[in-house]
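Participant: The structure file target38.txt (compact mmCIF, C-alpha atoms and all ligand atoms) is provided below.
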# COMPACT_ATOMS: atom_id res chain seq x y z
CA MET A 1 21.63 6.82 -3.50
CA ALA A 2 22.32 7.50 0.16
CA MET A 3 19.88 9.84 1.87
CA GLN A 4 21.01 12.91 3.80
CA PHE A 5 19.64 13.37 7.29
CA ASP A 6 18.99 16.47 9.29
CA PRO A 7 18.04 16.85 12.97
CA GLY A 8 14.35 17.24 12.08
CA ARG A 9 14.36 13.96 10.20
CA ILE A 10 16.13 12.23 13.07
CA ALA A 11 13.42 13.49 15.44
CA ARG A 12 10.75 12.11 13.13
CA LEU A 13 12.47 8.76 13.01
CA GLN A 14 12.57 8.73 16.78
CA ALA A 15 8.84 9.46 16.74
CA MET A 16 8.47 6.16 14.87
CA GLY A 17 10.29 4.48 17.76
CA ILE A 18 13.56 4.00 15.87
CA GLN A 19 16.58 4.68 18.00
CA LEU A 20 19.40 3.76 15.64
CA TRP A 21 19.59 3.02 11.99
CA VAL A 22 21.95 2.26 9.18
CA VAL A 23 21.32 3.48 5.67
CA ARG A 24 21.92 0.55 3.34
CA GLU A 25 23.09 0.82 -0.18
CA PRO A 26 20.28 -0.42 -2.38
CA LYS A 27 20.45 -4.07 -3.24
CA GLU A 28 20.64 -5.17 -6.80
CA PRO A 29 17.05 -5.11 -8.03
CA LEU A 30 15.74 -8.53 -8.85
CA GLN A 31 13.85 -8.10 -12.05
CA LYS A 32 11.27 -10.73 -11.37
CA ASP A 33 7.59 -11.28 -11.09
CA VAL A 34 6.56 -8.86 -13.76
CA THR A 35 2.95 -9.11 -12.78
CA ALA A 36 -0.14 -7.94 -14.53
CA ALA A 37 -3.41 -7.57 -12.71
CA GLN A 38 -5.82 -10.47 -13.10
CA PRO A 39 -9.11 -8.67 -13.51
CA GLY A 40 -12.31 -10.17 -12.24
CA ASP A 41 -15.63 -10.13 -14.04
CA ASP A 42 -16.10 -6.43 -13.36
CA ALA A 43 -12.94 -5.35 -15.17
CA ALA A 44 -14.57 -4.38 -18.46
CA ALA A 45 -17.22 -2.38 -16.63
CA VAL A 46 -14.77 -0.21 -14.70
CA GLU A 47 -11.88 0.22 -17.08
CA SER A 48 -13.31 3.37 -18.67
CA LEU A 49 -14.48 5.10 -15.47
CA ASP A 50 -12.91 8.32 -14.23
CA TRP A 51 -12.10 8.92 -10.57
CA GLU A 52 -15.55 10.22 -9.61
CA GLN A 53 -17.41 7.52 -11.52
CA LEU A 54 -15.17 4.85 -10.01
CA GLU A 55 -15.68 6.11 -6.47
CA GLN A 56 -19.43 6.17 -7.02
CA ARG A 57 -19.33 2.67 -8.47
CA VAL A 58 -17.43 1.34 -5.47
CA ALA A 59 -19.82 3.03 -3.05
CA GLN A 60 -22.72 1.14 -4.66
CA CYS A 61 -20.91 -2.18 -5.11
CA THR A 62 -22.55 -5.41 -4.02
CA ALA A 63 -20.29 -7.75 -5.98
CA CYS A 64 -19.24 -9.78 -2.95
CA ALA A 65 -20.79 -10.65 0.39
CA LEU A 66 -18.74 -8.04 2.28
CA HIS A 67 -21.19 -5.32 1.26
CA ARG A 68 -23.74 -6.72 3.72
CA ASN A 69 -21.90 -5.75 6.88
CA ARG A 70 -20.00 -2.63 5.86
CA THR A 71 -20.75 0.76 7.36
CA GLN A 72 -19.41 2.28 4.15
CA THR A 73 -16.91 1.50 1.43
CA VAL A 74 -13.33 2.70 1.84
CA PHE A 75 -12.31 3.86 -1.61
CA GLY A 76 -8.94 5.47 -1.05
CA VAL A 77 -7.53 8.84 -0.11
CA GLY A 78 -4.82 11.26 -1.09
CA ASP A 79 -3.37 13.09 -4.06
CA ARG A 80 -4.74 11.64 -7.28
CA GLN A 81 -1.56 12.73 -9.03
CA ALA A 82 0.77 11.31 -6.40
CA GLU A 83 4.00 9.54 -7.33
CA TRP A 84 3.69 7.11 -4.40
CA LEU A 85 0.82 4.67 -3.98
CA ILE A 86 0.48 2.90 -0.64
CA VAL A 87 -1.53 -0.33 -0.80
CA GLY A 88 -2.84 -2.06 2.31
CA GLU A 89 -5.03 -5.08 2.92
CA ALA A 90 -8.60 -4.10 3.77
CA PRO A 91 -10.48 -1.70 6.03
CA GLY A 92 -10.50 -2.40 9.75
CA ALA A 93 -13.04 -1.15 12.27
CA ASP A 94 -11.76 2.44 12.32
CA GLU A 95 -11.53 2.59 8.55
CA ASP A 96 -15.03 1.15 8.13
CA ARG A 97 -16.35 3.80 10.52
CA GLN A 98 -14.50 6.74 8.98
CA GLY A 99 -14.46 5.70 5.33
CA GLU A 100 -10.73 6.26 5.02
CA PRO A 101 -7.83 3.78 4.83
CA PHE A 102 -5.09 3.67 7.45
CA VAL A 103 -6.62 5.65 10.28
CA GLY A 104 -6.33 4.94 14.01
CA ARG A 105 -2.98 3.95 15.53
CA ALA A 106 -1.78 2.12 12.44
CA GLY A 107 -2.61 5.17 10.36
CA GLN A 108 -0.70 7.42 12.72
CA LEU A 109 2.34 5.18 12.41
CA LEU A 110 2.03 5.19 8.62
CA ASN A 111 1.90 8.99 8.72
CA ALA A 112 5.08 9.05 10.83
CA MET A 113 6.79 6.64 8.43
CA LEU A 114 5.82 8.79 5.46
CA LYS A 115 7.00 11.91 7.23
CA ALA A 116 10.33 10.29 7.94
CA THR A 117 10.59 9.58 4.23
CA GLY A 118 9.87 13.21 3.42
CA PHE A 119 6.16 13.08 2.65
CA GLU A 120 2.97 14.33 4.21
CA ARG A 121 0.05 11.89 4.06
CA GLN A 122 -1.75 14.18 1.59
CA GLN A 123 1.13 13.89 -0.87
CA VAL A 124 0.68 10.15 -1.50
CA TYR A 125 -2.33 8.06 -2.47
CA ILE A 126 -3.51 5.32 -0.12
CA ALA A 127 -5.81 2.44 -1.01
CA ASN A 128 -6.55 -1.15 -0.03
CA ILE A 129 -6.92 -4.45 -1.86
CA LEU A 130 -10.51 -4.66 -0.56
CA LYS A 131 -12.86 -1.70 -0.24
CA CYS A 132 -15.10 -3.27 2.43
CA ARG A 133 -14.23 -4.58 5.87
CA PRO A 134 -14.00 -8.37 6.27
CA PRO A 135 -15.73 -9.61 9.44
CA ARG A 136 -13.47 -9.69 12.49
CA ASN A 137 -10.65 -8.40 10.25
CA ARG A 138 -10.05 -11.87 8.82
CA ASP A 139 -7.89 -12.25 5.71
CA PRO A 140 -9.65 -11.46 2.44
CA GLN A 141 -10.96 -14.54 0.65
CA PRO A 142 -9.92 -15.21 -2.97
CA GLU A 143 -13.41 -14.59 -4.31
CA GLU A 144 -13.59 -11.23 -2.52
CA VAL A 145 -10.23 -10.22 -3.95
CA ARG A 146 -11.31 -11.33 -7.43
CA CYS A 147 -14.46 -9.24 -7.23
CA CYS A 148 -12.70 -6.15 -5.86
CA GLU A 149 -9.47 -6.27 -7.84
CA PRO A 150 -10.72 -4.30 -10.89
CA TYR A 151 -11.28 -1.25 -8.68
CA LEU A 152 -7.68 -1.10 -7.45
CA ALA A 153 -6.44 -1.89 -10.96
CA ARG A 154 -8.39 1.08 -12.30
CA GLN A 155 -7.14 3.31 -9.47
CA ILE A 156 -3.58 2.38 -10.41
CA GLU A 157 -4.29 3.01 -14.09
CA LEU A 158 -5.72 6.45 -13.32
CA LEU A 159 -3.00 7.36 -10.82
CA GLN A 160 -0.03 6.00 -12.78
CA PRO A 161 2.20 6.11 -9.69
CA ARG A 162 5.95 5.97 -10.03
CA ILE A 163 6.19 3.47 -7.21
CA ILE A 164 3.87 1.25 -5.19
CA LEU A 165 4.56 0.38 -1.57
CA ALA A 166 2.66 -2.79 -0.62
CA LEU A 167 2.20 -2.98 3.14
CA GLY A 168 1.74 -6.42 4.65
CA ARG A 169 1.64 -9.98 3.34
CA VAL A 170 -1.95 -9.88 2.11
CA ALA A 171 -1.48 -6.68 0.11
CA ALA A 172 1.79 -7.87 -1.40
CA GLN A 173 0.63 -11.38 -2.27
CA ASN A 174 -2.56 -10.21 -3.93
CA LEU A 175 -1.01 -7.29 -5.76
CA LEU A 176 1.84 -9.41 -7.07
CA GLN A 177 -0.13 -12.64 -7.52
CA THR A 178 2.35 -14.67 -5.54
CA ASP A 179 2.33 -16.87 -2.46
CA GLN A 180 5.80 -15.83 -1.31
CA ARG A 181 6.17 -14.95 2.35
CA LEU A 182 6.62 -11.31 3.26
CA GLY A 183 10.16 -11.98 4.41
CA GLN A 184 11.00 -13.35 0.97
CA MET A 185 9.58 -10.28 -0.76
CA ARG A 186 11.18 -7.55 1.33
CA GLY A 187 14.26 -5.92 -0.16
CA LYS A 188 13.41 -7.00 -3.71
CA LEU A 189 12.01 -4.98 -6.57
CA PHE A 190 8.85 -6.23 -8.24
CA HIS A 191 6.79 -4.71 -11.03
CA TYR A 192 3.05 -4.35 -11.47
CA GLY A 193 1.02 -4.45 -14.65
CA PRO A 194 1.68 -3.42 -18.24
CA MET A 195 3.25 -0.14 -17.11
CA SER A 196 5.74 -2.18 -15.09
CA ILE A 197 5.33 0.06 -12.05
CA PRO A 198 8.00 -0.68 -9.42
CA VAL A 199 6.64 -2.36 -6.29
CA VAL A 200 8.40 -2.53 -2.93
CA VAL A 201 7.06 -4.67 -0.08
CA SER A 202 7.17 -3.82 3.61
CA TYR A 203 5.43 -4.52 6.89
CA HIS A 204 1.90 -3.38 7.65
CA PRO A 205 1.89 -0.64 10.32
CA ALA A 206 -0.51 -2.72 12.45
CA TYR A 207 2.16 -5.45 12.57
CA LEU A 208 4.80 -2.87 13.48
CA LEU A 209 2.67 -1.72 16.40
CA ARG A 210 2.74 -5.31 17.68
CA THR A 211 6.39 -5.86 16.77
CA PRO A 212 8.21 -2.55 17.22
CA LYS A 213 11.64 -4.17 16.80
CA ASP A 214 10.87 -4.50 13.09
CA LYS A 215 10.34 -0.77 12.63
CA ARG A 216 13.97 -0.50 11.71
CA LYS A 217 13.48 -3.01 8.89
CA ALA A 218 10.48 -0.99 7.73
CA TRP A 219 12.70 2.07 7.61
CA ASP A 220 15.16 0.08 5.48
CA ASP A 221 12.28 -0.72 3.12
CA LEU A 222 11.36 2.95 2.79
CA VAL A 223 14.97 3.85 2.04
CA PHE A 224 15.05 1.04 -0.53
CA ALA A 225 11.85 2.34 -2.15
CA ARG A 226 13.23 5.85 -2.35
CA SER A 227 16.45 4.61 -3.82
CA GLN A 228 14.57 2.70 -6.52
CA LEU A 229 12.64 5.83 -7.44
CA ALA A 230 15.85 7.86 -7.55
CA GLY A 231 17.37 5.14 -9.72
CA VAL A 232 14.75 5.62 -12.43
CA GLY A 233 15.38 9.33 -12.82
CA GLN A 234 13.58 11.17 -10.01
FE1 LIG B 1 -17.63 -4.64 -3.85
FE2 LIG B 1 -15.07 -4.78 -3.10
FE3 LIG B 1 -16.93 -4.22 -1.30
FE4 LIG B 1 -16.78 -6.68 -2.30
S1 LIG B 1 -15.21 -5.66 -1.05
S2 LIG B 1 -18.67 -5.46 -2.03
S3 LIG B 1 -16.15 -6.27 -4.43
S4 LIG B 1 -16.36 -2.95 -3.06
Written as structure tokens, how would this file's structure read?
Facilitator:
Amino acid sequence: MAMQFDPGRIARLQAMGIQLWVVREPKEPLQKDVTAAQPGDDAAAVESLDWEQLEQRVAQCTACALHRNRTQTVFGVGDRQAEWLIVGEAPGADEDRQGEPFVGRAGQLLNAMLKATGFERQQVYIANILKCRPPRNRDPQPEEVRCCEPYLARQIELLQPRIILALGRVAAQNLLQTDQRLGQMRGKLFHYGPMSIPVVVSYHPAYLLRTPKDKRKAWDDLVFARSQLAGVGQ
């Protein structure tokens, strides 16, 4: 479904650094990679926790070595009844300091992207694959992901979002249990878990800050995500 634009929305797009754009018709969804979470050892222990219990559990977690150097855990933020879940990779320095995902310049860009799509940050839920910062922002290691995965799986179960937007290669590969490149995943529809929640993959805002020419592709991804949601009866 094509989106309608008004001058305010155009101004917000320009705030993202996008000068021109073309609204694409949604591609045919590729019904592939119906992917269930692969819970780690902690899955049974967290699967009955409510939001508060889960947040407390994460705050006390020492399941992997990342707990040693964290300032604090970064659980997630936003509306716990949101339709949109944004999933990133792991906390960076700003996130570790503030205890909130997607802050700093990358967070500001994410906020602008959401606004362009018609949402305030508080209207979505934002979480990461890992809840603790890897040293020097290196990629998460498989064992760390395995240990931390039950927490995100439980967040998704509690939230029951209508769509998940996976930002960046690491988030997408771990969420979807695939080794496909980000470029191969963009523009396709995936599904997560037994509830078959639609998943759309896009660039991480930190990458877009380094590569502003790809902001337009990120906008295409947001339009695609919205069109998928509209297509299932929004
Ligand atoms: Fe626990 Fe996840 Fe932090 Fe590792 S990254 S200590 S599994 S909360």
Participant: Output as JSON lines one row per residue of chain A within 6 Å of ligand LIG 1 (chain B): the closest atom pair and its distance in Å to one decimal place, counting only C-alpha atoms and all ligand atoms, sorted by chain and residue number ascending.
Facilitator:
{"residue": "A:Val58", "atom": "CA", "partner": "B:LIG1", "partner_atom": "S4", "distance": 5.0}
{"residue": "A:Cys61", "atom": "CA", "partner": "B:LIG1", "partner_atom": "FE1", "distance": 4.3}
{"residue": "A:Thr62", "atom": "CA", "partner": "B:LIG1", "partner_atom": "S2", "distance": 4.4}
{"residue": "A:Ala63", "atom": "CA", "partner": "B:LIG1", "partner_atom": "FE1", "distance": 4.6}
{"residue": "A:Cys64", "atom": "CA", "partner": "B:LIG1", "partner_atom": "FE4", "distance": 4.0}
{"residue": "A:Leu66", "atom": "CA", "partner": "B:LIG1", "partner_atom": "S2", "distance": 5.0}
{"residue": "A:His67", "atom": "CA", "partner": "B:LIG1", "partner_atom": "S2", "distance": 4.1}
{"residue": "A:Leu130", "atom": "CA", "partner": "B:LIG1", "partner_atom": "S1", "distance": 4.8}
{"residue": "A:Lys131", "atom": "CA", "partner": "B:LIG1", "partner_atom": "S4", "distance": 4.7}
{"residue": "A:Cys132", "atom": "CA", "partner": "B:LIG1", "partner_atom": "S1", "distance": 4.2}
{"residue": "A:Glu144", "atom": "CA", "partner": "B:LIG1", "partner_atom": "FE4", "distance": 5.6}
{"residue": "A:Cys147", "atom": "CA", "partner": "B:LIG1", "partner_atom": "S3", "distance": 4.4}
{"residue": "A:Cys148", "atom": "CA", "partner": "B:LIG1", "partner_atom": "S3", "distance": 3.7}
Participant: For Val200 in chain A, find every residue with an atom within 7 Å (counting only C-alpha atoms), except residues of its own chain fewer than 4 positions away, and show them as an mmCIF file with C-alpha atoms, in the frame of the given file.
Facilitator:
data_model
loop_
_atom_site.group_PDB
_atom_site.id
_atom_site.type_symbol
_atom_site.label_atom_id
_atom_site.label_comp_id
_atom_site.auth_asym_id
_atom_site.auth_seq_id
_atom_site.Cartn_x
_atom_site.Cartn_y
_atom_site.Cartn_z
ATOM 1 C CA ILE A 164 3.870 1.250 -5.190
ATOM 2 C CA LEU A 165 4.560 0.380 -1.570
ATOM 3 C CA ALA A 166 2.660 -2.790 -0.620
ATOM 4 C CA LYS A 188 13.410 -7.000 -3.710
ATOM 5 C CA LEU A 189 12.010 -4.980 -6.570
ATOM 6 C CA PHE A 190 8.850 -6.230 -8.240
ATOM 7 C CA ALA A 225 11.850 2.340 -2.150
#
Participant: Quick one: residues within 9 Å of range 85-92 of chain A, all atoms listed in the file, excluding same-chain residues fewer than 6 positions away - as a PyMOL selection string?
Facilitator: chain A and resi 73-74+99-103+124-137+139-140+156+159-172+174-175+204
Participant: Keeping C-alpha atoms for every residue in the selection just given, could you write it to a file as an mmCIF file, keeping the file's coordinate frame?
Facilitator:
data_model
loop_
_atom_site.group_PDB
_atom_site.id
_atom_site.type_symbol
_atom_site.label_atom_id
_atom_site.label_comp_id
_atom_site.auth_asym_id
_atom_site.auth_seq_id
_atom_site.Cartn_x
_atom_site.Cartn_y
_atom_site.Cartn_z
ATOM 1 C CA THR A 73 -16.910 1.500 1.430
ATOM 2 C CA VAL A 74 -13.330 2.700 1.840
ATOM 3 C CA GLY A 99 -14.460 5.700 5.330
ATOM 4 C CA GLU A 100 -10.730 6.260 5.020
ATOM 5 C CA PRO A 101 -7.830 3.780 4.830
ATOM 6 C CA PHE A 102 -5.090 3.670 7.450
ATOM 7 C CA VAL A 103 -6.620 5.650 10.280
ATOM 8 C CA VAL A 124 0.680 10.150 -1.500
ATOM 9 C CA TYR A 125 -2.330 8.060 -2.470
ATOM 10 C CA ILE A 126 -3.510 5.320 -0.120
ATOM 11 C CA ALA A 127 -5.810 2.440 -1.010
ATOM 12 C CA ASN A 128 -6.550 -1.150 -0.030
ATOM 13 C CA ILE A 129 -6.920 -4.450 -1.860
ATOM 14 C CA LEU A 130 -10.510 -4.660 -0.560
ATOM 15 C CA LYS A 131 -12.860 -1.700 -0.240
ATOM 16 C CA CYS A 132 -15.100 -3.270 2.430
ATOM 17 C CA ARG A 133 -14.230 -4.580 5.870
ATOM 18 C CA PRO A 134 -14.000 -8.370 6.270
ATOM 19 C CA PRO A 135 -15.730 -9.610 9.440
ATOM 20 C CA ARG A 136 -13.470 -9.690 12.490
ATOM 21 C CA ASN A 137 -10.650 -8.400 10.250
ATOM 22 C CA ASP A 139 -7.890 -12.250 5.710
ATOM 23 C CA PRO A 140 -9.650 -11.460 2.440
ATOM 24 C CA ILE A 156 -3.580 2.380 -10.410
ATOM 25 C CA LEU A 159 -3.000 7.360 -10.820
ATOM 26 C CA GLN A 160 -0.030 6.000 -12.780
ATOM 27 C CA PRO A 161 2.200 6.110 -9.690
ATOM 28 C CA ARG A 162 5.950 5.970 -10.030
ATOM 29 C CA ILE A 163 6.190 3.470 -7.210
ATOM 30 C CA ILE A 164 3.870 1.250 -5.190
ATOM 31 C CA LEU A 165 4.560 0.380 -1.570
ATOM 32 C CA ALA A 166 2.660 -2.790 -0.620
ATOM 33 C CA LEU A 167 2.200 -2.980 3.140
ATOM 34 C CA GLY A 168 1.740 -6.420 4.650
ATOM 35 C CA ARG A 169 1.640 -9.980 3.340
ATOM 36 C CA VAL A 170 -1.950 -9.880 2.110
ATOM 37 C CA ALA A 171 -1.480 -6.680 0.110
ATOM 38 C CA ALA A 172 1.790 -7.870 -1.400
ATOM 39 C CA ASN A 174 -2.560 -10.210 -3.930
ATOM 40 C CA LEU A 175 -1.010 -7.290 -5.760
ATOM 41 C CA HIS A 204 1.900 -3.380 7.650
#
Participant: Please write out, as lines of an AutoDock Vina configuration file, where the centre of an axis-aligned box around all listed atoms of range 188-199 of chain A lies and how long its edges are, in Å to one decimal, after adding 8 Å on each side.
Facilitator:
center_x = 7.2
center_y = -3.5
center_z = -11.0
size_x = 28.4
size_y = 23.1
size_z = 30.5
Participant: Give me, as a list in words, all polymer residues having an atom no more than 7 Å from range 106-111 of chain A, counting all atoms listed in the file and skipping those fewer than 2 positions away in the same chain.
Facilitator: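 My list of contacting residues is Met16, Phe102, Val103, Gly104, Met113, Leu114, Lys115, Arg121, Pro205 and Ala206 of chain A.
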Participant: Please, which residues are within 9 Å of (-7.3, 3.2, -13.4) by the file's coordinates, counting only C-alpha atoms, and could they come as a PyMOL selection string?
Facilitator: chain A and resi 46-51+54+150-160
Participant: Got time to write the residues from that selection, C-alpha atoms, as a compact mmCIF listing (two decimals), in the frame of the given file?
Facilitator:
# COMPACT_ATOMS: atom_id res chain seq x y z
CA VAL A 46 -14.77 -0.21 -14.70
CA GLU A 47 -11.88 0.22 -17.08
CA SER A 48 -13.31 3.37 -18.67
CA LEU A 49 -14.48 5.10 -15.47
CA ASP A 50 -12.91 8.32 -14.23
CA TRP A 51 -12.10 8.92 -10.57
CA LEU A 54 -15.17 4.85 -10.01
CA PRO A 150 -10.72 -4.30 -10.89
CA TYR A 151 -11.28 -1.25 -8.68
CA LEU A 152 -7.68 -1.10 -7.45
CA ALA A 153 -6.44 -1.89 -10.96
CA ARG A 154 -8.39 1.08 -12.30
CA GLN A 155 -7.14 3.31 -9.47
CA ILE A 156 -3.58 2.38 -10.41
CA GLU A 157 -4.29 3.01 -14.09
CA LEU A 158 -5.72 6.45 -13.32
CA LEU A 159 -3.00 7.36 -10.82
CA GLN A 160 -0.03 6.00 -12.78
Participant: Take CA of Tyr207 in chain A and CA of Leu176 in chain A and report the distance between them in Å, one decimal.
Facilitator: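 Spanning CA of Tyr207 in chain A to CA of Leu176 in chain A is a straight-line distance of 20.0 Å.
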Participant: Would you please work out which residue, of A:Gly193, A:Pro198, A:Arg186, A:Arg181, is nearest to Lys217 in chain A when using only C-alpha atoms?
Facilitator: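 That would be A:Arg186, the residue with the smallest distance to Lys217 in chain A.
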Participant: Nearest to Asp221 in chain A: which of A:Gln122, A:Gln173, A:Thr178, A:Thr117 is it, counting all atoms listed in the file?
Facilitator: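 Among the listed residues, the smallest separation from Asp221 in chain A belongs to A:Thr117.
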Participant: Mind pulling up the distance from CA of Arg105 in chain A to CA of Gln60 in chain A?
Facilitator: 28.4 Å
Participant: If you measure from CA of Gln228 in chain A to CA of Gly78 in chain A, what distance in Å do you get, rounded to one decimal?
Facilitator: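 It comes out at 21.9 Å.
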